[in-house]
Amino acid sequence: AIEAVVSAMTRHADDKGVQQAACWALSHVCRLSSRYEEIRQNRVRAREAGAIEAVVSAMTGSSNDDVQQAACDALHSIVSGMAASQVRAREAGAIEAVVSAMTGSSNDDVQQAACDALHSIVSGMAASQVRAREAGAIEAVVSAMSTHADDRLIQSDGCKAFRSMTGGWRGMRGEGAVLVVLEPLDGSRSPSQGSNASSAHRCSLDAA
């Protein structure tokens with residue numbers, strides 16, 4: 001089934017409906033099961049079938065919010081907890097694709113799914129953490145959290161993404177460390193542009 005889904009994505013690369021449905025199918029098969037071993041096996045099969053590359057291709061081939069959300073969710077499901085898949089995702093350009101999805105849309109579902117994807121792709125991977133920072137992932141997450149300040153899911157998933165991208169700031173663990181992100185309330189980038197007011201998002205770096 002996984003191989004058939006990837007094949008459909010390749011054959012119908014220009015069909016947004018197929019790409020969206022295929023991404024959701026991959027997401028479900030790689031995450032929804034009562035047995036972890038089955039989930040792990042499906043994630044391996046997805047990687048070997050070229051699912052990661054197919055999903056990244058779907059993201060770069062369409063700016064449609066529904067496709068972007070489904071693709072980010074698929075990446076999150078496929079690579080979560082799988083080091084080899086995390087490396088494959090980085091090599092396929094998944095980090096840059098996710099950041100592009102975040103900067104190209106203000107849709108809350110896209111932003112949340114993208115934060116989840118970043119967390120899964122870079123968690124525990126030093127090279128991926130560097131790649132994410134160089135791609136502007138931190139700024140993208142800051143923007144998402146600032147734009148959707150009342151959305152608890154985006155705030156929570158944004159904090160997880162921060163922890164993954166910074167390696168959890170392990171040297172500060174046990175000291176009640178928090179990450180404080182400041183953004184002007186009026187949307188300006190500099191106090192000199194007319195406002196000193198700011199909103200702060202506090203992310204506990206010790207949270208599970």
# chains A, B, ... in the order shown; residues from 1 in each chain; ligands from 1
>>> residues_around(residues="Glu139 (chain A)", least_positions_apart="4", cutoff="12 Å", atoms="only C-alpha atoms", output="number ranges by chain")
A: 99-100, 102-103, 115, 132-135, 143-146, 158, 161-162, 165, 181-183, 189
>>> residues_around(residues="Gln112 (chain A)", least_positions_apart="5", cutoff="10 Å", atoms="only C-alpha atoms", output="list of chain:residue names")
A:Gln69, A:Cys72, A:Asp73, A:Met102, A:Asn107, A:Ala117, A:Val141, A:Ala144, A:Met145, A:His148, A:Asp151, A:Arg152, A:Leu153, A:Ile154, A:Gln155, A:Ser156, A:Asp157, A:Gly158
>>> select_by_dssp(residues="region 22-192 of chain A", states="helix (DSSP H, G or I)", output="PyMOL selection string")
chain A and resi 22-29+36-48+51-61+65-79+83-91+94-103+108-122+126-134+137-147+152-165+167-172+191-192
>>> closest_residue(among="A:Ser77, A:Gln41, A:Gln68, A:Ser106", to="Val56 (chain A)", atoms="only C-alpha atoms")
A:Gln68
>>> atom_distance(atom1="CA of Arg163 (chain A)", atom2="CA of Ile95 (chain A)")
15.7 Å
>>> residues_around(residues="Leu118 (chain A)", least_positions_apart="4", cutoff="8 Å", atoms="only C-alpha atoms", output="MDAnalysis selection string")
chainID A and resid 76 95 98 114 122 161 164
>>> write_last_selection(atoms="N, CA, C and O atoms", output="compact mmCIF listing (two decimals), in the first residue's frame")
# COMPACT_ATOMS: atom_id res chain seq x y z
N HIS A 76 6.24 14.63 9.47
CA HIS A 76 6.26 14.42 10.92
C HIS A 76 6.06 12.94 11.25
O HIS A 76 6.78 12.36 12.07
N ILE A 95 13.76 20.34 5.24
CA ILE A 95 13.80 21.48 6.16
C ILE A 95 13.48 22.77 5.44
O ILE A 95 12.64 23.57 5.88
N VAL A 98 9.78 22.92 4.48
CA VAL A 98 8.90 23.24 5.60
C VAL A 98 8.97 24.73 5.94
O VAL A 98 7.94 25.38 6.17
N ALA A 114 3.77 22.44 10.38
CA ALA A 114 5.17 22.72 10.07
C ALA A 114 6.03 22.68 11.32
O ALA A 114 7.16 22.16 11.29
N VAL A 122 14.52 17.53 13.00
CA VAL A 122 15.81 17.97 13.54
C VAL A 122 16.13 17.45 14.94
O VAL A 122 17.27 17.56 15.39
N ALA A 161 9.52 22.76 18.66
CA ALA A 161 10.43 23.00 17.54
C ALA A 161 11.66 23.76 18.01
O ALA A 161 12.79 23.45 17.60
N SER A 164 14.04 21.45 19.81
CA SER A 164 14.75 20.57 18.87
C SER A 164 15.84 21.32 18.12
O SER A 164 16.94 20.80 17.92
>>> residues_around(residues="Leu26 (chain A)", least_positions_apart="2", cutoff="9 Å", atoms="only C-alpha atoms", output="PyMOL selection string")
chain A and resi 2+5-6+21-24+28-31+46+51+74-75+77-78
>>> write_last_selection(atoms="C-alpha atoms", output="PDB file, in the first residue's frame")
ATOM      1  CA  ILE A   2       2.779   2.442   0.861  1.00  0.00           C
ATOM      2  CA  VAL A   5       0.746   5.670  -2.622  1.00  0.00           C
ATOM      3  CA  VAL A   6       4.248   6.858  -3.499  1.00  0.00           C
ATOM      4  CA  ALA A  21      -4.735  12.599  -0.226  1.00  0.00           C
ATOM      5  CA  ALA A  22      -1.489  10.668  -0.610  1.00  0.00           C
ATOM      6  CA  CYS A  23       0.240  12.705   2.090  1.00  0.00           C
ATOM      7  CA  TRP A  24      -2.613  12.073   4.508  1.00  0.00           C
ATOM      8  CA  HIS A  28      -1.937   7.769   8.840  1.00  0.00           C
ATOM      9  CA  VAL A  29      -0.165   4.533   7.939  1.00  0.00           C
ATOM     10  CA  CYS A  30       3.048   5.749   9.603  1.00  0.00           C
ATOM     11  CA  ARG A  31       1.403   6.859  12.816  1.00  0.00           C
ATOM     12  CA  ALA A  46       7.947   4.562   3.555  1.00  0.00           C
ATOM     13  CA  ALA A  51       8.031   8.645   0.371  1.00  0.00           C
ATOM     14  CA  ALA A  74       3.325  13.265   6.582  1.00  0.00           C
ATOM     15  CA  LEU A  75       6.942  14.268   7.189  1.00  0.00           C
ATOM     16  CA  SER A  77       4.789  10.902  10.862  1.00  0.00           C
ATOM     17  CA  ILE A  78       7.387   9.309   8.587  1.00  0.00           C
TER      18      ILE A  78
END
>>> residues_around(residues="region 12-19 of chain A", least_positions_apart="6", cutoff="10 Å", atoms="only C-alpha atoms", output="PDB file with all heavy atoms, in the first residue's frame")
ATOM      1  N   VAL A   5       0.993   4.253  -2.897  1.00  0.00           N
ATOM      2  CA  VAL A   5       0.746   5.670  -2.622  1.00  0.00           C
ATOM      3  C   VAL A   5       1.866   6.528  -3.191  1.00  0.00           C
ATOM      4  O   VAL A   5       1.624   7.554  -3.836  1.00  0.00           O
ATOM      5  CB  VAL A   5       0.611   5.907  -1.098  1.00  0.00           C
ATOM      6  CG1 VAL A   5       0.594   7.399  -0.796  1.00  0.00           C
ATOM      7  CG2 VAL A   5      -0.664   5.257  -0.569  1.00  0.00           C
ATOM      8  N   VAL A   6       3.105   6.108  -2.968  1.00  0.00           N
ATOM      9  CA  VAL A   6       4.248   6.858  -3.499  1.00  0.00           C
ATOM     10  C   VAL A   6       4.206   6.865  -5.022  1.00  0.00           C
ATOM     11  O   VAL A   6       4.487   7.888  -5.664  1.00  0.00           O
ATOM     12  CB  VAL A   6       5.572   6.259  -2.991  1.00  0.00           C
ATOM     13  CG1 VAL A   6       6.767   6.946  -3.660  1.00  0.00           C
ATOM     14  CG2 VAL A   6       5.667   6.395  -1.476  1.00  0.00           C
ATOM     15  N   ALA A  25      -2.581   9.812   3.570  1.00  0.00           N
ATOM     16  CA  ALA A  25      -2.503   8.351   3.657  1.00  0.00           C
ATOM     17  C   ALA A  25      -1.175   7.922   4.276  1.00  0.00           C
ATOM     18  O   ALA A  25      -1.130   7.052   5.153  1.00  0.00           O
ATOM     19  CB  ALA A  25      -2.662   7.739   2.264  1.00  0.00           C
ATOM     20  N   ALA A  54       9.060  12.085  -2.234  1.00  0.00           N
ATOM     21  CA  ALA A  54       7.791  12.374  -2.884  1.00  0.00           C
ATOM     22  C   ALA A  54       7.034  13.479  -2.162  1.00  0.00           C
ATOM     23  O   ALA A  54       6.418  14.352  -2.797  1.00  0.00           O
ATOM     24  CB  ALA A  54       6.930  11.104  -2.955  1.00  0.00           C
ATOM     25  N   VAL A  55       7.079  13.456  -0.849  1.00  0.00           N
ATOM     26  CA  VAL A  55       6.385  14.476  -0.063  1.00  0.00           C
ATOM     27  C   VAL A  55       7.053  15.840  -0.247  1.00  0.00           C
ATOM     28  O   VAL A  55       6.370  16.859  -0.417  1.00  0.00           O
ATOM     29  CB  VAL A  55       6.362  14.083   1.433  1.00  0.00           C
ATOM     30  CG1 VAL A  55       5.850  15.243   2.282  1.00  0.00           C
ATOM     31  CG2 VAL A  55       5.484  12.853   1.638  1.00  0.00           C
ATOM     32  N   SER A  57       8.701  16.789  -2.819  1.00  0.00           N
ATOM     33  CA  SER A  57       8.354  17.203  -4.177  1.00  0.00           C
ATOM     34  C   SER A  57       6.956  17.801  -4.229  1.00  0.00           C
ATOM     35  O   SER A  57       6.707  18.790  -4.938  1.00  0.00           O
ATOM     36  CB  SER A  57       8.444  16.001  -5.123  1.00  0.00           C
ATOM     37  OG  SER A  57       8.103  16.367  -6.442  1.00  0.00           O
ATOM     38  N   ALA A  58       6.033  17.216  -3.473  1.00  0.00           N
ATOM     39  CA  ALA A  58       4.674  17.757  -3.423  1.00  0.00           C
ATOM     40  C   ALA A  58       4.668  19.168  -2.850  1.00  0.00           C
ATOM     41  O   ALA A  58       3.935  20.049  -3.319  1.00  0.00           O
ATOM     42  CB  ALA A  58       3.776  16.847  -2.580  1.00  0.00           C
ATOM     43  N   MET A  59       5.504  19.397  -1.853  1.00  0.00           N
ATOM     44  CA  MET A  59       5.574  20.710  -1.215  1.00  0.00           C
ATOM     45  C   MET A  59       6.161  21.762  -2.145  1.00  0.00           C
ATOM     46  O   MET A  59       5.693  22.895  -2.198  1.00  0.00           O
ATOM     47  CB  MET A  59       6.402  20.630   0.072  1.00  0.00           C
ATOM     48  CG  MET A  59       5.812  19.740   1.136  1.00  0.00           C
ATOM     49  SD  MET A  59       6.787  19.709   2.659  1.00  0.00           S
ATOM     50  CE  MET A  59       6.376  21.316   3.347  1.00  0.00           C
ATOM     51  N   GLY A  61       6.144  21.629  -5.318  1.00  0.00           N
ATOM     52  CA  GLY A  61       5.371  21.726  -6.551  1.00  0.00           C
ATOM     53  C   GLY A  61       4.052  22.444  -6.418  1.00  0.00           C
ATOM     54  O   GLY A  61       3.376  22.699  -7.414  1.00  0.00           O
ATOM     55  N   SER A  62       3.662  22.770  -5.182  1.00  0.00           N
ATOM     56  CA  SER A  62       2.377  23.435  -4.976  1.00  0.00           C
ATOM     57  C   SER A  62       2.430  24.307  -3.726  1.00  0.00           C
ATOM     58  O   SER A  62       3.005  23.917  -2.708  1.00  0.00           O
ATOM     59  CB  SER A  62       1.256  22.403  -4.811  1.00  0.00           C
ATOM     60  OG  SER A  62       0.039  23.023  -4.447  1.00  0.00           O
ATOM     61  N   SER A  63       1.824  25.481  -3.825  1.00  0.00           N
ATOM     62  CA  SER A  63       1.752  26.372  -2.668  1.00  0.00           C
ATOM     63  C   SER A  63       0.405  26.252  -1.958  1.00  0.00           C
ATOM     64  O   SER A  63       0.125  27.002  -1.023  1.00  0.00           O
ATOM     65  CB  SER A  63       1.981  27.829  -3.109  1.00  0.00           C
ATOM     66  OG  SER A  63       0.989  28.223  -4.047  1.00  0.00           O
ATOM     67  N   ASN A  64      -0.402  25.305  -2.385  1.00  0.00           N
ATOM     68  CA  ASN A  64      -1.726  25.098  -1.807  1.00  0.00           C
ATOM     69  C   ASN A  64      -1.630  24.769  -0.325  1.00  0.00           C
ATOM     70  O   ASN A  64      -0.883  23.877   0.081  1.00  0.00           O
ATOM     71  CB  ASN A  64      -2.433  23.974  -2.559  1.00  0.00           C
ATOM     72  CG  ASN A  64      -3.816  23.675  -2.019  1.00  0.00           C
ATOM     73  OD1 ASN A  64      -3.959  22.872  -1.104  1.00  0.00           O
ATOM     74  ND2 ASN A  64      -4.825  24.324  -2.572  1.00  0.00           N
ATOM     75  N   ASP A  66      -3.667  23.260   1.715  1.00  0.00           N
ATOM     76  CA  ASP A  66      -4.081  21.905   2.080  1.00  0.00           C
ATOM     77  C   ASP A  66      -2.965  20.898   1.795  1.00  0.00           C
ATOM     78  O   ASP A  66      -2.741  19.967   2.582  1.00  0.00           O
ATOM     79  CB  ASP A  66      -5.351  21.514   1.322  1.00  0.00           C
ATOM     80  CG  ASP A  66      -6.567  22.320   1.749  1.00  0.00           C
ATOM     81  OD1 ASP A  66      -6.591  22.785   2.903  1.00  0.00           O
ATOM     82  OD2 ASP A  66      -7.481  22.497   0.920  1.00  0.00           O
ATOM     83  N   VAL A  67      -2.274  21.086   0.681  1.00  0.00           N
ATOM     84  CA  VAL A  67      -1.156  20.202   0.343  1.00  0.00           C
ATOM     85  C   VAL A  67      -0.016  20.399   1.334  1.00  0.00           C
ATOM     86  O   VAL A  67       0.577  19.432   1.825  1.00  0.00           O
ATOM     87  CB  VAL A  67      -0.665  20.461  -1.094  1.00  0.00           C
ATOM     88  CG1 VAL A  67       0.615  19.664  -1.368  1.00  0.00           C
ATOM     89  CG2 VAL A  67      -1.744  20.090  -2.105  1.00  0.00           C
ATOM     90  N   GLN A  68       0.286  21.651   1.644  1.00  0.00           N
ATOM     91  CA  GLN A  68       1.378  21.941   2.563  1.00  0.00           C
ATOM     92  C   GLN A  68       1.124  21.359   3.946  1.00  0.00           C
ATOM     93  O   GLN A  68       2.016  20.770   4.564  1.00  0.00           O
ATOM     94  CB  GLN A  68       1.600  23.457   2.660  1.00  0.00           C
ATOM     95  CG  GLN A  68       2.025  24.125   1.367  1.00  0.00           C
ATOM     96  CD  GLN A  68       3.381  23.661   0.886  1.00  0.00           C
ATOM     97  OE1 GLN A  68       4.296  23.458   1.672  1.00  0.00           O
ATOM     98  NE2 GLN A  68       3.525  23.499  -0.418  1.00  0.00           N
ATOM     99  N   ALA A  70      -0.880  18.791   4.753  1.00  0.00           N
ATOM    100  CA  ALA A  70      -0.829  17.329   4.688  1.00  0.00           C
ATOM    101  C   ALA A  70       0.605  16.837   4.540  1.00  0.00           C
ATOM    102  O   ALA A  70       0.993  15.828   5.145  1.00  0.00           O
ATOM    103  CB  ALA A  70      -1.679  16.836   3.518  1.00  0.00           C
ATOM    104  N   ALA A  71       1.408  17.550   3.759  1.00  0.00           N
ATOM    105  CA  ALA A  71       2.798  17.147   3.552  1.00  0.00           C
ATOM    106  C   ALA A  71       3.616  17.289   4.831  1.00  0.00           C
ATOM    107  O   ALA A  71       4.423  16.412   5.169  1.00  0.00           O
ATOM    108  CB  ALA A  71       3.412  17.979   2.427  1.00  0.00           C
TER     109      ALA A  71
END
